Amino acid sequence: MRWTVPIISALLLIGWLALGSIAGLFGLPLPALGPFFNPARGFWQNTGEGDRTEELNFNLDNPIARGEIHFDDRGVPHIIAGSQESAIFLQGYVNAYDRLWQMDISTRSTEGSLSEVLGASMKERDLRQIRSGYREMAERMVDTIRADFPEDYRILTAYADGINAYLDQLEPEAYPLEYKLLGHEPIRWTPYRIALLTKGMSSGLSGGYSDAQSTATLKKLGREEFDRLFPERFPEASPVVPDAETPVSELSMLPLERSLPALRRPPFDRIDTNAFRYFPLDPDNGSNNWAVGPGRSNTRLPLLANDPHLSLTYPSVWYEVQITYPGCNARGVGLAGAPGIMIGFNDYVAWGETNVGHDVTDWYRITWTDSSRTEYLLDGEPMPATIRTDTLRIKGEEETIVRTPYTVFGPVPFTEGPYADMAMRWRAQDSPRKAVRPHTILRTFLDLMESRNYEDYVSALKGYVDPAQNFVFAARDGDIAIRPNGFFPLREEEEGRFIREGDSLKNAWKGWIPFAERPVQYNPARGYVSSANQVTTGPNYPYYYLGRFDEYRGRYINRVLDRQPTMNQRRMKELQLDDYSLLAEELSPFLLARINRRALDEDGQRLLRILSEWDYRYTGESRAPTLFDAWRNRLYRLTFDEFPEDGELLYPEWWKLTDLLENRPDDIIFDIDSTTFRETGATLVQRSFEEILDELDGGLPLTWADERDARIYHIARIPGLGSEQINTGGARMTPRVVADGFGASWRMVVELGDSPRGWGALPGGASGNPGSEFYDNGFEEWAEGRYHELTLARMPVEPIGSWIFE
């Protein structure tokens, strides 16, 4: 991702002469390009490495600005400080140096202020964010931390001060490229912006819901058919915490959990939700993690692996760092824009997360007394709505005043669509006070960085609220554990599955599942713990929940771990890179069994052999995955033709299609509504295959790498700043998750011991500057399945640059 001198020279000459004074070129939200092409202040100044490779001394006017930052040969910073507060200040400083625009634009995305720098094209998207209450949530989170958790607020302030200290010495000619391209300036950092980042994370990882879709589907199908096609539990589930490991309280008065509907398609707005965000809401946002105990490890000490599956962007979602101060020597990855390390290890323990996937949003139908939405009925009495006023600033236009009504259940974001005039109750709206939790989410990760044993790990999780995560843990003393953790709402059976009535407080949430009764696996007899976004518990867990759960990766990972008596760091990596599809293993045989081979010509027989000889691996060079995906998708659309593709109804899960083909191939669901004769499963299998055969017209399917055409994109989708095509294996339902703009955003394996060893792979690099060699220097290693070693030495052996703060 480097510019050569001839290209730069040509751009300068052509741009300066032809485009320099034209604003809004090509209809894009661009300034006059003269400053952008200016040799003294424009993008020319963004080439090279800048201060990273320098030996520098800083004397900043802040008493906590003390310590050292050393950069290793990968450009990764290693922070050494005399206190936690100083270390976090330096983390803020170096995060700003590398990722300033990414931090800026991603928090603007959550706040609903993209229009201020990108223009009117972002207005509707911003309005949705404002009306959904993200500004109010972030403000309340900061107010709560300031009032109830002053020590945590002090750390947030130290981080923000580090960012602002970098801004104070940043000259316009050194602004990141994107500021110059879009013509805006950096914003000052405050704890409020850190809160926006955490709420954006919640949006992507716990913001899915399907209340309106479920309600409409139930109305269309009737209860019996709805329950048949959308059963409340996958019968072959391999839970994160099986029943034998689940804490059960004798005091629980809630029914047994029996409702786990699939949310195959979250209710996305038609506005682009991918650009400018750390965590775009994706139906497959998730991860893999597992840990094996001493009895299953070649070292007789635990091993831990974690690879979060998120949007793949440049700059990378994660920021690799080592942080050392008295009582802490930790390494791993965190988010640029927030303090601490979220996935990592220290001298004693290792930790990581996967997404739990619970649906923690309920929608309430409100009875308004008039069209102004200023008053509604609650328990038979009129109740005034609280009207929140916000200002939306739009580049080149007048400000827009946004008034959002709030009910006792939450804000009312929409005036049209399936959720029009309804109130939204979402877990991320809550900022529990000191009486409810011992500390904040921030402290969870700071305490994990300092943890030495299982007790420290448990203590660190007690203040964690949202988004709910499966926290995996391993310690050098031999302990392993996993805890699905967050403030899970208390619900009666099916509450939250459908639209709820907002006419009475009796329908409001009743509280949270107590920490002591949340699921946990601690040193289980099977010798390992794992999660891959599958269902959280066995059917006997006494608390009701619902959500979207992956039923393939987790079962496959558990099968591999069950069959492998001894794991080592190499096998841990191999499992992260495994491109085997359990979906293909279970569905493909029924496709082959239901087709009439004698009706196929030579081309058809040749095509069928590709699939019949397949080993169910999504390798890049194979054509079988392309054929299988085309066949299953076409069959799915024919089978469930009753469900339009407009997103207004739910869609059955893939395992249900396999179940029907295997056990009920003559089911009425296979009959196509628009035809005059009765189709069966075999009829549709044959038809879908022959349609593919006709489209190929004697040719072969593309290789999987070409069909998938997976790439990594710039966070703003700026052309030319992304990656080349990813040619290695992987798919959304294999342990090695690779899709277009989506996949394993960090891979980590840790071998615990007296001198722990770690290995990692990041698909990008430390820098957010496209002109830096550290912008994408990890791509090739990551794509080819290689890892770099993660050491816990206090500083690199031969740093490429060092900054001393005195």
# chains A, B, ... in the order shown; residues from 1 in each chain; ligands from 1
$ residues_around --residues "Leu229 of chain A" --least-positions-apart "4" --cutoff "9 Å" --atoms "only C-alpha atoms" --output "PyMOL selection string"
chain A and resi 224-225+651-653+656
$ write_last_selection --atoms "C-alpha atoms" --output "JSON list (two decimals), in the first residue's frame"
[["chain", "number", "residue", "atom", "x", "y", "z"],
["A", 224, "GLU", "CA", -48.49, -24.99, 14.92],
["A", 225, "GLU", "CA", -46.63, -24.36, 11.66],
["A", 651, "TYR", "CA", -36.17, -17.51, 7.73],
["A", 652, "PRO", "CA", -35.69, -21.11, 8.88],
["A", 653, "GLU", "CA", -32.19, -22.17, 9.87],
["A", 656, "LYS", "CA", -34.04, -27.31, 9.51]]
$ closest_atom_pairs --of "segment 528-583 of chain A" --to "segment 469-472 of chain A" --cutoff "12 Å" --atoms "only C-alpha atoms" --output "CSV"
residue,atom,partner,partner_atom,distance
A:Tyr528,CA,A:Val472,CA,10.5
A:Val529,CA,A:Val472,CA,7.6
A:Ser530,CA,A:Val472,CA,7.5
A:Ser531,CA,A:Asn470,CA,6.9
A:Ala532,CA,A:Asn470,CA,8.9
A:Asn533,CA,A:Asn470,CA,8.3
A:Gln534,CA,A:Asn470,CA,10.3
A:Val535,CA,A:Asn470,CA,11.0
A:Thr536,CA,A:Asn470,CA,8.7
A:Thr537,CA,A:Asn470,CA,11.6
$ write_last_selection --atoms "N, CA and C atoms" --output "short mmCIF file (atom, residue, chain, number, x, y, z; two decimals), in the first residue's frame"
data_model
loop_
_atom_site.label_atom_id
_atom_site.label_comp_id
_atom_site.auth_asym_id
_atom_site.auth_seq_id
_atom_site.Cartn_x
_atom_site.Cartn_y
_atom_site.Cartn_z
N TYR A 528 -11.56 -29.51 28.61
CA TYR A 528 -11.49 -28.31 27.78
C TYR A 528 -12.76 -27.50 27.94
N VAL A 529 -12.68 -26.22 27.60
CA VAL A 529 -13.84 -25.34 27.50
C VAL A 529 -13.78 -24.70 26.12
N SER A 530 -14.95 -24.36 25.57
CA SER A 530 -14.93 -23.76 24.22
C SER A 530 -16.23 -23.02 23.96
N SER A 531 -16.15 -22.11 23.00
CA SER A 531 -17.35 -21.45 22.49
C SER A 531 -17.10 -20.99 21.07
N ALA A 532 -18.16 -21.02 20.28
CA ALA A 532 -18.12 -20.52 18.91
C ALA A 532 -19.48 -19.96 18.54
N ASN A 533 -20.05 -19.21 19.50
CA ASN A 533 -21.32 -18.53 19.30
C ASN A 533 -22.51 -19.49 19.25
N GLN A 534 -22.32 -20.72 19.75
CA GLN A 534 -23.44 -21.63 19.82
C GLN A 534 -24.33 -21.29 21.01
N VAL A 535 -25.41 -22.04 21.15
CA VAL A 535 -26.34 -21.82 22.25
C VAL A 535 -25.59 -21.86 23.58
N THR A 536 -26.01 -21.04 24.53
CA THR A 536 -25.23 -20.82 25.75
C THR A 536 -25.28 -22.01 26.70
N THR A 537 -26.46 -22.58 26.92
CA THR A 537 -26.61 -23.60 27.95
C THR A 537 -27.41 -24.79 27.44
#
$ closest_residue --among "A:Asn164, A:Ser622, A:Asn288, A:Gln686" --to "Ala65 of chain A" --atoms "only C-alpha atoms"
A:Asn164
$ residues_around --residues "Asp421 of chain A" --least-positions-apart "2" --cutoff "6 Å" --atoms "only C-alpha atoms" --output "number ranges by chain"
A: 412, 414-415
$ write_last_selection --atoms "N, CA, C and O atoms" --output "PDB file, in the first residue's frame"
ATOM      1  N   VAL A 412     -38.245   6.119  21.029  1.00  0.00           N
ATOM      2  CA  VAL A 412     -39.093   5.715  19.899  1.00  0.00           C
ATOM      3  C   VAL A 412     -38.373   6.168  18.631  1.00  0.00           C
ATOM      4  O   VAL A 412     -38.539   7.297  18.178  1.00  0.00           O
ATOM      5  N   PHE A 414     -38.393   5.204  15.306  1.00  0.00           N
ATOM      6  CA  PHE A 414     -38.883   5.151  13.936  1.00  0.00           C
ATOM      7  C   PHE A 414     -40.301   5.703  13.816  1.00  0.00           C
ATOM      8  O   PHE A 414     -41.139   5.514  14.701  1.00  0.00           O
ATOM      9  N   THR A 415     -40.552   6.339  12.680  1.00  0.00           N
ATOM     10  CA  THR A 415     -41.891   6.815  12.357  1.00  0.00           C
ATOM     11  C   THR A 415     -42.504   6.019  11.213  1.00  0.00           C
ATOM     12  O   THR A 415     -43.662   6.233  10.863  1.00  0.00           O
TER      13      THR A 415
END
$ select_by_dssp --residues "segment 617-779 of chain A" --states "helix (DSSP H, G or I)" --output "number ranges by chain"
A: 624-639, 654-663, 668-670, 681-696, 704-708, 779
$ closest_atom_pairs --of "segment 53-111 of chain A" --to "segment 174-196 of chain A" --cutoff "10 Å" --atoms "only C-alpha atoms" --output "CSV"
residue,atom,partner,partner_atom,distance
A:Gly92,CA,A:Trp189,CA,9.7
A:Ala96,CA,A:Trp189,CA,9.8
A:Tyr97,CA,A:Pro176,CA,9.2
A:Asp98,CA,A:Pro176,CA,9.0
A:Arg99,CA,A:Pro176,CA,8.6
A:Leu100,CA,A:Pro176,CA,7.4
A:Trp101,CA,A:Pro176,CA,6.6
A:Gln102,CA,A:Glu178,CA,9.2
A:Met103,CA,A:Arg193,CA,8.9
A:Asp104,CA,A:Ile187,CA,7.0
A:Ile105,CA,A:Pro186,CA,9.5
A:Ser106,CA,A:Leu196,CA,8.9
A:Thr107,CA,A:Leu196,CA,5.7
A:Arg108,CA,A:Leu196,CA,8.3
A:Ser109,CA,A:Leu196,CA,9.1
A:Thr110,CA,A:Leu196,CA,6.2
A:Glu111,CA,A:Leu196,CA,6.5
$ residues_around --residues "Pro432 of chain A" --least-positions-apart "4" --cutoff "8 Å" --atoms "only C-alpha atoms" --output "VMD selection string"
chain A and resid 144 436 to 437
$ atom_distance --atom1 "atom CA of Thr367 of chain A" --atom2 "atom CA of Lys506 of chain A"
15.3 Å
$ residues_around --residues "segment 153-156 of chain A" --least-positions-apart "3" --cutoff "8 Å" --atoms "only C-alpha atoms" --output "list in words"
Glu85, Ile88, Val142, Ile145, Arg146, Phe149, Pro150, Tyr159, Ala160, Thr190, Pro191, Ile194 and Pro339 of chain A
$ closest_atom_pairs --of "segment 520-635 of chain A" --to "segment 783-802 of chain A" --cutoff "9 Å" --atoms "only C-alpha atoms" --output "JSON lines"
{"residue": "A:Lys573", "atom": "CA", "partner": "A:Gly785", "partner_atom": "CA", "distance": 8.4}
{"residue": "A:Glu574", "atom": "CA", "partner": "A:Gly785", "partner_atom": "CA", "distance": 8.7}
{"residue": "A:Leu577", "atom": "CA", "partner": "A:Gly785", "partner_atom": "CA", "distance": 6.7}
$ select_by_dssp --residues "segment 58-196 of chain A" --states "strand (DSSP E or B)" --output "PyMOL selection string"
chain A and resi 58+67-71+77-80
$ atom_distance --atom1 "atom CA of Phe779 of chain A" --atom2 "atom CA of Leu762 of chain A"
7.1 Å
$ atom_distance --atom1 "atom CA of Ile80 of chain A" --atom2 "atom CA of Leu442 of chain A"
20.0 Å
$ closest_residue --among "A:Glu806, A:Trp654, A:Asn727, A:Asn777" --to "Ser86 of chain A" --atoms "only C-alpha atoms"
A:Glu806
$ residues_around --residues "Ala120 of chain A" --least-positions-apart "3" --cutoff "12 Å" --atoms "only C-alpha atoms" --output "list in words"
Gly27, Leu28, Pro29, Ser113, Leu114, Ser115, Glu116, Val117, Lys123, Glu124, Arg125, Asp126, Leu127, Leu392, Arg393, Ile394, Lys395, Gly396, Glu397, Glu398, Glu399 and Thr400 of chain A
$ write_last_selection --atoms "N, CA, C and O atoms" --output "mmCIF file, in the first residue's frame"
data_model
loop_
_atom_site.group_PDB
_atom_site.id
_atom_site.type_symbol
_atom_site.label_atom_id
_atom_site.label_comp_id
_atom_site.auth_asym_id
_atom_site.auth_seq_id
_atom_site.Cartn_x
_atom_site.Cartn_y
_atom_site.Cartn_z
ATOM 1 N N GLY A 27 -19.493 14.819 -7.334
ATOM 2 C CA GLY A 27 -20.624 14.651 -6.428
ATOM 3 C C GLY A 27 -20.267 14.092 -5.077
ATOM 4 O O GLY A 27 -21.142 13.832 -4.260
ATOM 5 N N LEU A 28 -18.978 13.906 -4.807
ATOM 6 C CA LEU A 28 -18.544 13.355 -3.532
ATOM 7 C C LEU A 28 -18.373 14.467 -2.512
ATOM 8 O O LEU A 28 -18.174 15.622 -2.879
ATOM 9 N N PRO A 29 -18.422 14.131 -1.195
ATOM 10 C CA PRO A 29 -18.275 15.171 -0.157
ATOM 11 C C PRO A 29 -16.829 15.581 0.017
ATOM 12 O O PRO A 29 -16.253 15.486 1.085
ATOM 13 N N SER A 113 -23.070 11.680 13.723
ATOM 14 C CA SER A 113 -22.534 12.978 13.293
ATOM 15 C C SER A 113 -21.651 12.844 12.061
ATOM 16 O O SER A 113 -20.750 13.643 11.852
ATOM 17 N N LEU A 114 -21.900 11.831 11.239
ATOM 18 C CA LEU A 114 -21.158 11.690 9.992
ATOM 19 C C LEU A 114 -21.498 12.804 9.009
ATOM 20 O O LEU A 114 -20.657 13.231 8.227
ATOM 21 N N SER A 115 -22.749 13.279 9.056
ATOM 22 C CA SER A 115 -23.160 14.327 8.119
ATOM 23 C C SER A 115 -22.329 15.582 8.260
ATOM 24 O O SER A 115 -22.171 16.344 7.310
ATOM 25 N N GLU A 116 -21.802 15.806 9.443
ATOM 26 C CA GLU A 116 -21.025 16.999 9.694
ATOM 27 C C GLU A 116 -19.772 17.051 8.831
ATOM 28 O O GLU A 116 -19.312 18.129 8.454
ATOM 29 N N VAL A 117 -19.238 15.864 8.469
ATOM 30 C CA VAL A 117 -18.025 15.837 7.650
ATOM 31 C C VAL A 117 -18.250 15.205 6.280
ATOM 32 O O VAL A 117 -17.463 15.429 5.365
ATOM 33 N N LYS A 123 -27.388 11.786 6.239
ATOM 34 C CA LYS A 123 -28.405 12.350 7.122
ATOM 35 C C LYS A 123 -29.319 11.281 7.705
ATOM 36 O O LYS A 123 -29.554 11.241 8.926
ATOM 37 N N GLU A 124 -29.869 10.411 6.862
ATOM 38 C CA GLU A 124 -30.812 9.407 7.367
ATOM 39 C C GLU A 124 -30.136 8.436 8.325
ATOM 40 O O GLU A 124 -30.724 8.017 9.321
ATOM 41 N N ARG A 125 -28.926 8.093 8.016
ATOM 42 C CA ARG A 125 -28.182 7.206 8.914
ATOM 43 C C ARG A 125 -27.941 7.884 10.265
ATOM 44 O O ARG A 125 -28.117 7.268 11.320
ATOM 45 N N ASP A 126 -27.544 9.154 10.237
ATOM 46 C CA ASP A 126 -27.335 9.890 11.480
ATOM 47 C C ASP A 126 -28.628 10.021 12.280
ATOM 48 O O ASP A 126 -28.633 9.893 13.511
ATOM 49 N N LEU A 127 -29.725 10.289 11.591
ATOM 50 C CA LEU A 127 -31.007 10.426 12.281
ATOM 51 C C LEU A 127 -31.368 9.140 13.021
ATOM 52 O O LEU A 127 -31.875 9.171 14.146
ATOM 53 N N LEU A 392 -28.468 17.974 14.711
ATOM 54 C CA LEU A 392 -27.753 17.288 13.638
ATOM 55 C C LEU A 392 -27.138 18.342 12.728
ATOM 56 O O LEU A 392 -27.856 19.118 12.085
ATOM 57 N N ARG A 393 -25.808 18.377 12.693
ATOM 58 C CA ARG A 393 -25.100 19.315 11.828
ATOM 59 C C ARG A 393 -24.760 18.626 10.515
ATOM 60 O O ARG A 393 -24.221 17.519 10.511
ATOM 61 N N ILE A 394 -25.060 19.309 9.417
ATOM 62 C CA ILE A 394 -24.881 18.728 8.090
ATOM 63 C C ILE A 394 -23.976 19.632 7.274
ATOM 64 O O ILE A 394 -24.230 20.846 7.145
ATOM 65 N N LYS A 395 -22.935 19.079 6.742
ATOM 66 C CA LYS A 395 -21.968 19.850 5.959
ATOM 67 C C LYS A 395 -22.666 20.546 4.784
ATOM 68 O O LYS A 395 -23.315 19.901 3.963
ATOM 69 N N GLY A 396 -22.538 21.866 4.729
ATOM 70 C CA GLY A 396 -23.106 22.636 3.626
ATOM 71 C C GLY A 396 -24.579 22.931 3.744
ATOM 72 O O GLY A 396 -25.176 23.499 2.827
ATOM 73 N N GLU A 397 -25.212 22.555 4.883
ATOM 74 C CA GLU A 397 -26.643 22.786 5.044
ATOM 75 C C GLU A 397 -26.922 23.362 6.430
ATOM 76 O O GLU A 397 -26.052 23.408 7.294
ATOM 77 N N GLU A 398 -28.172 23.767 6.614
ATOM 78 C CA GLU A 398 -28.594 24.259 7.919
ATOM 79 C C GLU A 398 -28.671 23.104 8.919
ATOM 80 O O GLU A 398 -28.895 21.952 8.547
ATOM 81 N N GLU A 399 -28.498 23.442 10.194
ATOM 82 C CA GLU A 399 -28.643 22.447 11.240
ATOM 83 C C GLU A 399 -30.080 21.917 11.288
ATOM 84 O O GLU A 399 -31.027 22.628 10.972
ATOM 85 N N THR A 400 -30.211 20.667 11.698
ATOM 86 C CA THR A 400 -31.521 20.057 11.879
ATOM 87 C C THR A 400 -31.730 19.757 13.357
ATOM 88 O O THR A 400 -30.869 19.146 13.998
#
$ closest_residue --among "A:Glu320, A:Glu171, A:Glu54, A:Asp430" --to "Tyr134 of chain A" --atoms "only C-alpha atoms"
A:Asp430
$ closest_atom_pairs --of "segment 333-357 of chain A" --to "segment 458-467 of chain A" --cutoff "9 Å" --atoms "only C-alpha atoms" --output "JSON lines"
{"residue": "A:Asn355", "atom": "CA", "partner": "A:Pro467", "partner_atom": "CA", "distance": 7.7}
{"residue": "A:Val356", "atom": "CA", "partner": "A:Pro467", "partner_atom": "CA", "distance": 8.1}
{"residue": "A:Gly357", "atom": "CA", "partner": "A:Pro467", "partner_atom": "CA", "distance": 8.9}
